[in-house]
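Peer 1: Okay, so here is target28.tsv, and as you'll see once you scroll down, it has TSV, C-alpha atoms.
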```tsv
chain	number	residue	atom	x	y	z
A	928	MET	CA	-70.61	-17.06	19.93
A	929	ALA	CA	-68.60	-14.05	21.03
A	930	GLY	CA	-66.83	-12.02	18.40
A	931	ARG	CA	-63.06	-12.32	17.86
A	932	ARG	CA	-62.56	-8.73	16.89
A	933	PHE	CA	-60.32	-7.83	19.84
A	934	GLU	CA	-58.38	-11.12	19.89
A	935	THR	CA	-54.64	-10.64	19.26
A	936	THR	CA	-52.31	-12.97	17.39
A	937	MET	CA	-50.13	-13.54	20.48
A	938	ALA	CA	-53.06	-14.70	22.59
A	939	ARG	CA	-54.23	-17.11	19.90
A	940	ASP	CA	-50.72	-18.59	19.50
A	941	MET	CA	-50.30	-19.02	23.24
A	942	GLU	CA	-53.58	-20.94	23.43
A	943	ARG	CA	-52.45	-23.19	20.59
A	944	VAL	CA	-49.12	-23.90	22.35
A	945	ALA	CA	-50.85	-24.61	25.67
A	946	SER	CA	-53.22	-27.08	23.98
A	947	ARG	CA	-50.23	-29.17	22.74
A	948	LEU	CA	-48.16	-29.29	25.94
A	949	HIS	CA	-49.17	-32.93	26.49
A	950	GLU	CA	-47.24	-33.90	23.33
A	951	VAL	CA	-43.89	-32.86	24.90
A	952	ASP	CA	-41.98	-35.13	27.32
A	953	ASP	CA	-41.40	-34.13	30.88
A	954	ARG	CA	-38.34	-32.15	32.00
A	955	LYS	CA	-36.37	-35.16	33.26
A	956	THR	CA	-36.81	-37.14	30.05
A	957	VAL	CA	-35.77	-34.15	27.93
A	958	CYS	CA	-32.57	-33.64	30.01
A	959	GLU	CA	-31.60	-37.33	29.68
A	960	LYS	CA	-32.09	-37.27	25.91
A	961	LEU	CA	-30.02	-34.10	25.60
A	962	ARG	CA	-27.22	-35.66	27.68
A	963	GLU	CA	-27.17	-38.82	25.53
A	964	ARG	CA	-27.15	-36.72	22.36
A	965	LYS	CA	-24.24	-34.60	23.68
A	966	LEU	CA	-22.19	-37.69	24.55
A	967	GLY	CA	-22.90	-39.15	21.14
A	968	ASN	CA	-21.81	-35.98	19.38
A	969	THR	CA	-18.52	-35.71	21.33
A	970	GLN	CA	-17.42	-39.32	20.67
A	971	THR	CA	-15.89	-40.74	17.50
A	972	SER	CA	-16.32	-44.10	15.89
A	973	ILE	CA	-12.95	-44.08	14.07
A	974	VAL	CA	-10.22	-46.39	15.43
A	975	PHE	CA	-6.59	-46.17	14.19
A	976	GLY	CA	-5.17	-49.57	15.13
A	977	PHE	CA	-5.40	-51.55	18.39
A	978	ASP	CA	-1.80	-51.28	19.65
A	979	GLU	CA	-1.23	-49.66	23.00
A	980	MET	CA	0.23	-46.17	22.65
A	981	ASN	CA	3.62	-45.74	24.37
A	982	TYR	CA	4.14	-42.05	25.01
A	983	GLN	CA	7.92	-41.83	25.47
A	984	THR	CA	10.80	-40.36	23.49
A	985	ASP	CA	13.78	-42.17	21.95
A	986	ALA	CA	16.04	-40.75	24.66
A	987	GLN	CA	13.86	-42.21	27.42
A	988	SER	CA	13.74	-45.63	25.76
A	989	ARG	CA	17.52	-45.53	25.29
A	990	GLN	CA	18.09	-44.71	28.96
A	991	LYS	CA	15.84	-47.58	29.98
A	992	ASP	CA	17.80	-49.99	27.78
A	993	ILE	CA	21.08	-48.86	29.38
A	994	LEU	CA	19.71	-49.34	32.88
A	995	ARG	CA	18.44	-52.83	32.00
A	996	LYS	CA	21.89	-53.82	30.64
A	997	GLN	CA	23.61	-52.55	33.78
A	998	ASP	CA	21.21	-54.52	35.93
A	999	ARG	CA	22.19	-57.69	34.04
A	1000	GLY	CA	25.80	-57.06	34.92
A	1001	GLY	CA	27.01	-56.20	31.42
A	1002	ALA	CA	29.20	-53.09	31.69
A	1003	ILE	CA	29.29	-50.86	28.62
A	1004	ASP	CA	32.69	-49.96	27.20
A	1005	GLY	CA	32.39	-46.32	26.19
A	1006	LYS	CA	35.68	-46.16	24.26
A	1007	ALA	CA	34.90	-49.26	22.25
A	1008	MET	CA	31.44	-47.90	21.42
A	1009	LYS	CA	32.90	-44.57	20.36
A	1010	LYS	CA	35.50	-46.29	18.17
A	1011	THR	CA	32.83	-48.41	16.53
A	1012	LEU	CA	30.58	-45.44	15.90
A	1013	THR	CA	33.36	-43.27	14.42
A	1014	ALA	CA	34.76	-46.00	12.15
A	1015	THR	CA	33.58	-46.65	8.62
A	1016	HIS	CA	31.98	-49.92	7.69
A	1017	PHE	CA	32.30	-49.83	3.95
A	1018	VAL	CA	35.31	-49.99	1.58
A	1019	LEU	CA	35.55	-48.39	-1.87
A	1020	GLY	CA	38.23	-50.43	-3.64
A	1021	ASN	CA	41.32	-52.24	-2.36
A	1022	ASP	CA	44.12	-49.90	-3.58
A	1023	ASP	CA	46.14	-47.98	-1.03
A	1024	VAL	CA	45.35	-44.30	-1.10
A	1025	LYS	CA	48.35	-41.97	-1.40
A	1026	TRP	CA	47.52	-38.57	-0.04
A	1027	THR	CA	49.89	-36.41	-2.15
A	1028	THR	CA	49.50	-33.43	-4.48
A	1029	ASN	CA	50.87	-32.92	-7.98
A	1030	ALA	CA	53.40	-30.39	-6.75
A	1031	THR	CA	55.01	-32.91	-4.36
A	1032	GLN	CA	55.27	-35.77	-6.84
A	1033	GLU	CA	58.70	-36.78	-8.15
A	1034	ASP	CA	59.85	-36.05	-11.68
A	1035	PRO	CA	59.23	-39.25	-13.67
A	1036	THR	CA	61.55	-38.20	-16.55
A	1037	GLY	CA	64.42	-36.67	-14.61
A	1038	ARG	CA	64.71	-33.74	-17.11
A	1039	MET	CA	62.30	-31.28	-15.52
A	1040	HIS	CA	65.15	-28.92	-14.56
A	1041	GLU	CA	66.04	-28.39	-18.24
A	1042	PHE	CA	62.69	-26.72	-18.92
A	1043	ILE	CA	62.58	-24.46	-15.87
A	1044	GLY	CA	63.41	-20.79	-16.60
A	1045	VAL	CA	65.30	-18.42	-14.33
A	1046	LEU	CA	63.89	-14.98	-13.62
A	1047	ASN	CA	65.99	-11.87	-13.11
A	1048	ALA	CA	65.27	-10.64	-9.64
A	1049	ASP	CA	66.19	-7.02	-10.42
A	1050	THR	CA	63.91	-6.85	-13.47
A	1051	THR	CA	60.87	-8.33	-11.79
A	1052	LYS	CA	61.00	-5.83	-8.93
A	1053	LYS	CA	61.10	-2.71	-11.16
A	1054	SER	CA	58.31	-0.88	-12.95
A	1055	SER	CA	58.28	0.11	-16.63
A	1056	CYS	CA	55.89	3.05	-16.11
A	1057	TYR	CA	57.31	6.55	-15.61
A	1058	PHE	CA	55.19	9.52	-14.51
A	1059	GLY	CA	57.54	12.44	-15.00
A	1060	SER	CA	61.24	12.77	-14.18
A	1061	ASP	CA	61.02	14.97	-11.07
A	1062	GLU	CA	62.30	13.65	-7.85
A	1063	MET	CA	59.55	12.26	-5.68
A	1064	THR	CA	58.81	14.26	-2.55
A	1065	TYR	CA	56.61	12.57	0.02
A	1066	ARG	CA	54.94	15.61	1.55
A	1067	THR	CA	51.30	16.43	2.11
A	1068	THR	CA	49.48	19.60	1.13
A	1069	ALA	CA	48.56	20.28	4.75
A	1070	ARG	CA	52.23	20.24	5.71
A	1071	ASP	CA	53.22	22.51	2.83
A	1072	SER	CA	50.51	24.98	3.77
A	1073	MET	CA	51.78	25.15	7.35
A	1074	ASP	CA	55.40	25.83	6.28
A	1075	MET	CA	56.06	29.56	6.09
A	1076	ASP	CA	58.93	31.94	6.55
A	1077	MET	CA	58.47	33.45	9.98
A	1078	ASP	CA	60.98	36.27	9.26
A	1079	ALA	CA	59.10	37.31	6.10
A	1080	ALA	CA	55.82	37.09	7.95
A	1081	SER	CA	57.07	39.33	10.73
A	1082	LYS	CA	58.24	41.88	8.18
A	1083	GLN	CA	54.92	41.90	6.27
A	1084	GLY	CA	52.78	42.28	9.34
A	1085	THR	CA	49.34	40.83	10.20
A	1086	SER	CA	47.40	43.01	7.77
A	1087	ASN	CA	49.55	41.91	4.85
A	1088	MET	CA	49.10	38.25	5.81
A	1089	ARG	CA	45.32	38.65	5.73
A	1090	ALA	CA	45.50	40.33	2.32
A	1091	GLN	CA	47.70	37.54	0.98
A	1092	ALA	CA	45.34	34.90	2.39
A	1093	LYS	CA	42.38	36.61	0.72
A	1094	LYS	CA	44.26	36.85	-2.58
A	1095	LEU	CA	45.33	33.20	-2.36
A	1096	LYS	CA	41.74	32.11	-1.61
A	1097	ALA	CA	40.46	34.02	-4.66
A	1098	GLU	CA	43.11	32.39	-6.87
A	1099	LEU	CA	42.39	28.90	-5.56
A	1100	SER	CA	38.61	29.26	-5.89
A	1101	GLY	CA	38.86	30.67	-9.44
A	1102	HIS	CA	39.70	28.89	-12.68
A	1103	ASN	CA	42.72	29.43	-14.87
A	1104	PHE	CA	41.11	29.07	-18.27
A	1105	VAL	CA	38.92	31.39	-20.34
A	1106	LEU	CA	36.29	30.29	-22.87
A	1107	GLY	CA	35.92	33.34	-25.11
A	1108	ASN	CA	35.99	37.04	-24.30
A	1109	ASP	CA	32.34	37.93	-24.87
A	1110	VAL	CA	30.29	39.29	-22.00
A	1111	LEU	CA	27.69	36.82	-20.82
A	1112	ASN	CA	24.12	37.98	-21.36
A	1113	TYR	CA	21.80	36.04	-19.06
A	1114	SER	CA	18.65	36.27	-21.13
A	1115	THR	CA	16.37	33.75	-22.81
A	1116	THR	CA	15.61	33.60	-26.53
A	1117	SER	CA	11.95	34.40	-25.95
A	1118	ALA	CA	12.78	37.50	-23.90
A	1119	THR	CA	15.22	38.71	-26.59
A	1120	SER	CA	12.93	38.05	-29.57
A	1121	PHE	CA	9.58	39.21	-28.20
A	1122	LYS	CA	10.08	42.77	-27.00
A	1123	TYR	CA	6.99	44.92	-26.54
A	1124	GLU	CA	7.20	48.44	-27.90
A	1125	SER	CA	4.23	50.63	-27.01
A	1126	GLU	CA	4.65	52.98	-29.99
A	1127	SER	CA	4.77	50.15	-32.51
A	1128	ALA	CA	1.79	48.46	-30.86
A	1129	LEU	CA	-0.33	51.62	-30.98
A	1130	ALA	CA	0.63	52.22	-34.60
A	1131	ALA	CA	-0.37	48.69	-35.59
A	1132	GLN	CA	-3.67	48.82	-33.71
A	1133	GLY	CA	-6.72	48.96	-35.99
A	1134	THR	CA	-9.38	51.67	-35.59
A	1135	LEU	CA	-13.10	51.55	-36.36
A	1136	ILE	CA	-15.62	54.32	-36.89
A	1137	LYS	CA	-18.12	54.83	-34.08
A	1138	GLU	CA	-21.07	54.14	-36.41
A	1139	VAL	CA	-19.53	50.82	-37.42
A	1140	LYS	CA	-19.01	49.85	-33.77
A	1141	ALA	CA	-22.60	50.74	-32.94
A	1142	ASP	CA	-23.89	48.71	-35.88
A	1143	LEU	CA	-21.83	45.68	-34.86
A	1144	ARG	CA	-23.18	45.83	-31.35
A	1145	LYS	CA	-26.84	45.80	-32.47
A	1146	GLU	CA	-29.02	42.76	-33.12
A	1147	HIS	CA	-30.58	42.35	-36.56
A	1148	PHE	CA	-33.28	39.76	-35.81
A	1149	ASN	CA	-36.63	39.71	-33.95
A	1150	PHE	CA	-38.37	36.85	-32.14
A	1151	GLY	CA	-42.03	37.66	-32.83
A	1152	ASN	CA	-43.89	40.97	-32.70
A	1153	GLU	CA	-45.95	40.50	-29.52
A	1154	VAL	CA	-45.38	42.73	-26.54
A	1155	VAL	CA	-43.54	40.95	-23.71
A	1156	GLN	CA	-45.43	40.98	-20.40
A	1157	TYR	CA	-43.08	40.55	-17.46
A	1158	GLU	CA	-45.37	38.85	-14.95
A	1159	THR	CA	-45.57	35.42	-13.36
A	1160	ASP	CA	-48.36	32.86	-13.53
A	1161	ALA	CA	-49.23	33.56	-9.89
A	1162	GLN	CA	-49.72	37.25	-10.62
A	1163	ARG	CA	-51.81	36.43	-13.68
A	1164	SER	CA	-54.04	33.97	-11.74
A	1165	MET	CA	-54.78	36.53	-9.04
A	1166	LYS	CA	-56.36	38.91	-11.58
A	1167	ASN	CA	-60.11	38.04	-11.47
A	1168	GLY	CA	-61.27	40.57	-13.99
A	1169	GLU	CA	-64.85	41.86	-14.05
A	1170	ILE	CA	-67.31	40.16	-11.66
A	1171	THR	CA	-70.40	38.95	-13.57
A	1172	PRO	CA	-73.27	36.49	-12.71
A	1173	ALA	CA	-71.62	33.91	-14.96
A	1174	ARG	CA	-68.32	34.41	-13.14
A	1175	LEU	CA	-70.06	33.96	-9.77
A	1176	GLY	CA	-71.59	30.69	-10.98
A	1177	GLU	CA	-68.19	29.42	-12.02
A	1178	MET	CA	-66.74	30.31	-8.64
A	1179	LYS	CA	-69.53	28.39	-6.81
A	1180	HIS	CA	-69.05	25.40	-9.06
A	1181	ASP	CA	-65.28	25.45	-8.40
A	1182	ALA	CA	-65.86	25.67	-4.62
A	1183	LYS	CA	-68.24	22.69	-4.68
A	1184	ALA	CA	-65.79	20.67	-6.80
A	1185	ALA	CA	-62.95	21.47	-4.36
A	1186	GLN	CA	-65.10	20.38	-1.40
A	1187	ASP	CA	-66.01	17.08	-3.10
A	1188	LEU	CA	-62.31	16.49	-3.89
A	1189	LYS	CA	-61.37	17.09	-0.25
A	1190	ILE	CA	-63.97	14.52	0.93
A	1191	LYS	CA	-62.63	11.93	-1.53
A	1192	LEU	CA	-59.06	12.56	-0.45
A	1193	LEU	CA	-59.92	12.12	3.25
A	1194	ALA	CA	-61.79	8.86	2.63
A	1195	THR	CA	-59.96	5.51	2.36
A	1196	SER	CA	-60.54	2.92	-0.31
A	1197	VAL	CA	-58.50	0.12	1.28
A	1198	VAL	CA	-60.28	-2.78	3.02
A	1199	ILE	CA	-58.18	-4.95	5.34
A	1200	GLY	CA	-60.27	-8.07	5.80
A	1201	ASP	CA	-64.05	-8.46	5.71
A	1202	ASP	CA	-64.50	-11.57	7.90
A	1203	PRO	CA	-67.80	-11.06	9.84
A	1204	THR	CA	-66.37	-12.99	12.79
A	1205	TYR	CA	-63.87	-10.23	13.52
A	1206	MET	CA	-66.25	-7.35	12.64
A	1207	ARG	CA	-68.51	-7.74	15.72
```
Please, can you express the file's structure as structure tokens?

Peer 2:
Amino acid sequence: MAGRRFETTMARDMERVASRLHEVDDRKTVCEKLRERKLGNTQTSIVFGFDEMNYQTDAQSRQKDILRKQDRGGAIDGKAMKKTLTATHFVLGNDDVKWTTNATQEDPTGRMHEFIGVLNADTTKKSSCYFGSDEMTYRTTARDSMDMDMDAASKQGTSNMRAQAKKLKAELSGHNFVLGNDVLNYSTTSATSFKYESESALAAQGTLIKEVKADLRKEHFNFGNEVVQYETDAQRSMKNGEITPARLGEMKHDAKAAQDLKIKLLATSVVIGDDPTYMR
């Protein structure tokens, strides 16, 4: 028996599919079954009643009824139909309704005029509020500003008019009341309270003796008494020291151990299948 070492999974699956082709129906039978299944899936078995559906609106049915009545010779009276439709067919009580308001009803006692007061026309049209006693003048500010004595203006000249306008503008834009006579000092409380004076600051500054400063800047503790060697592990490993026969033996042993480690690292310890059929 030939080995199956170089047989792929795809080839084996294709052989298995080809060996079972006789179990599948032919193409025509498959198409007919698919068509029957599709028709069965698109049809419903739910029936809502057995009456024939009449797809027409109320307006269409009404028009057909009118045409059928005209064909029978029965003319439709439009005015009578309109009157019937606009009339009411229900009655709420039998009393006659009098459409009147309370203001138009007659006085049942005949003495209503005795209790009606008479208002003084002059009093009702006047106001009891008085805002000053000056005569009212219906003039606008714009009109008053445009009224000026042309003779006085011609005597004063153009330069005087400009000076007067400037003075008037300053008076109108200013206020006519004074709140105190003190000069305003635009300063904050913090700026007024905290003023830095160099002389006072230098006088208040503390002084130390140079020996005291030097003593404060020194450390008064030691971390061990060994001498610190400023070298890295790489520098320390590169120092072989004195070459002796014992040192040469150690170097050979280390080289052999490194070679054995390299061989072990290059070798694999994973076995993917051990079937003898696929190993030939």

Peer 1: One decimal, Å: what's the distance from atom CA of Asp1022 of chain A over to atom CA of Pro1035 of chain A, could you say?

Peer 2: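 Interatomic distance here is 21.1 Å.
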
Peer 1: Please compute the atom CA of Ser1196 of chain A-atom CA of Ala1184 of chain A distance, one decimal, in Å.

Peer 2: 19.6 Å

Peer 1: Can you tell me how far atom CA of Ser1127 of chain A sits from atom CA of Lys1140 of chain A, in Å to one decimal?

Peer 2: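 Spanning atom CA of Ser1127 of chain A to atom CA of Lys1140 of chain A is a straight-line distance of 23.8 Å.
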
Peer 1: Can you sort out the box for segment 1006-1024 of chain A, edges along x, y and z, all listed atoms in, 8 Å on every side, with centre and edge lengths in Å to one decimal, as JSON?

Peer 2:
```
{"center_x": 38.4, "center_y": -47.8, "center_z": 10.3, "size_x": 31.6, "size_y": 25.0, "size_z": 43.9}
```
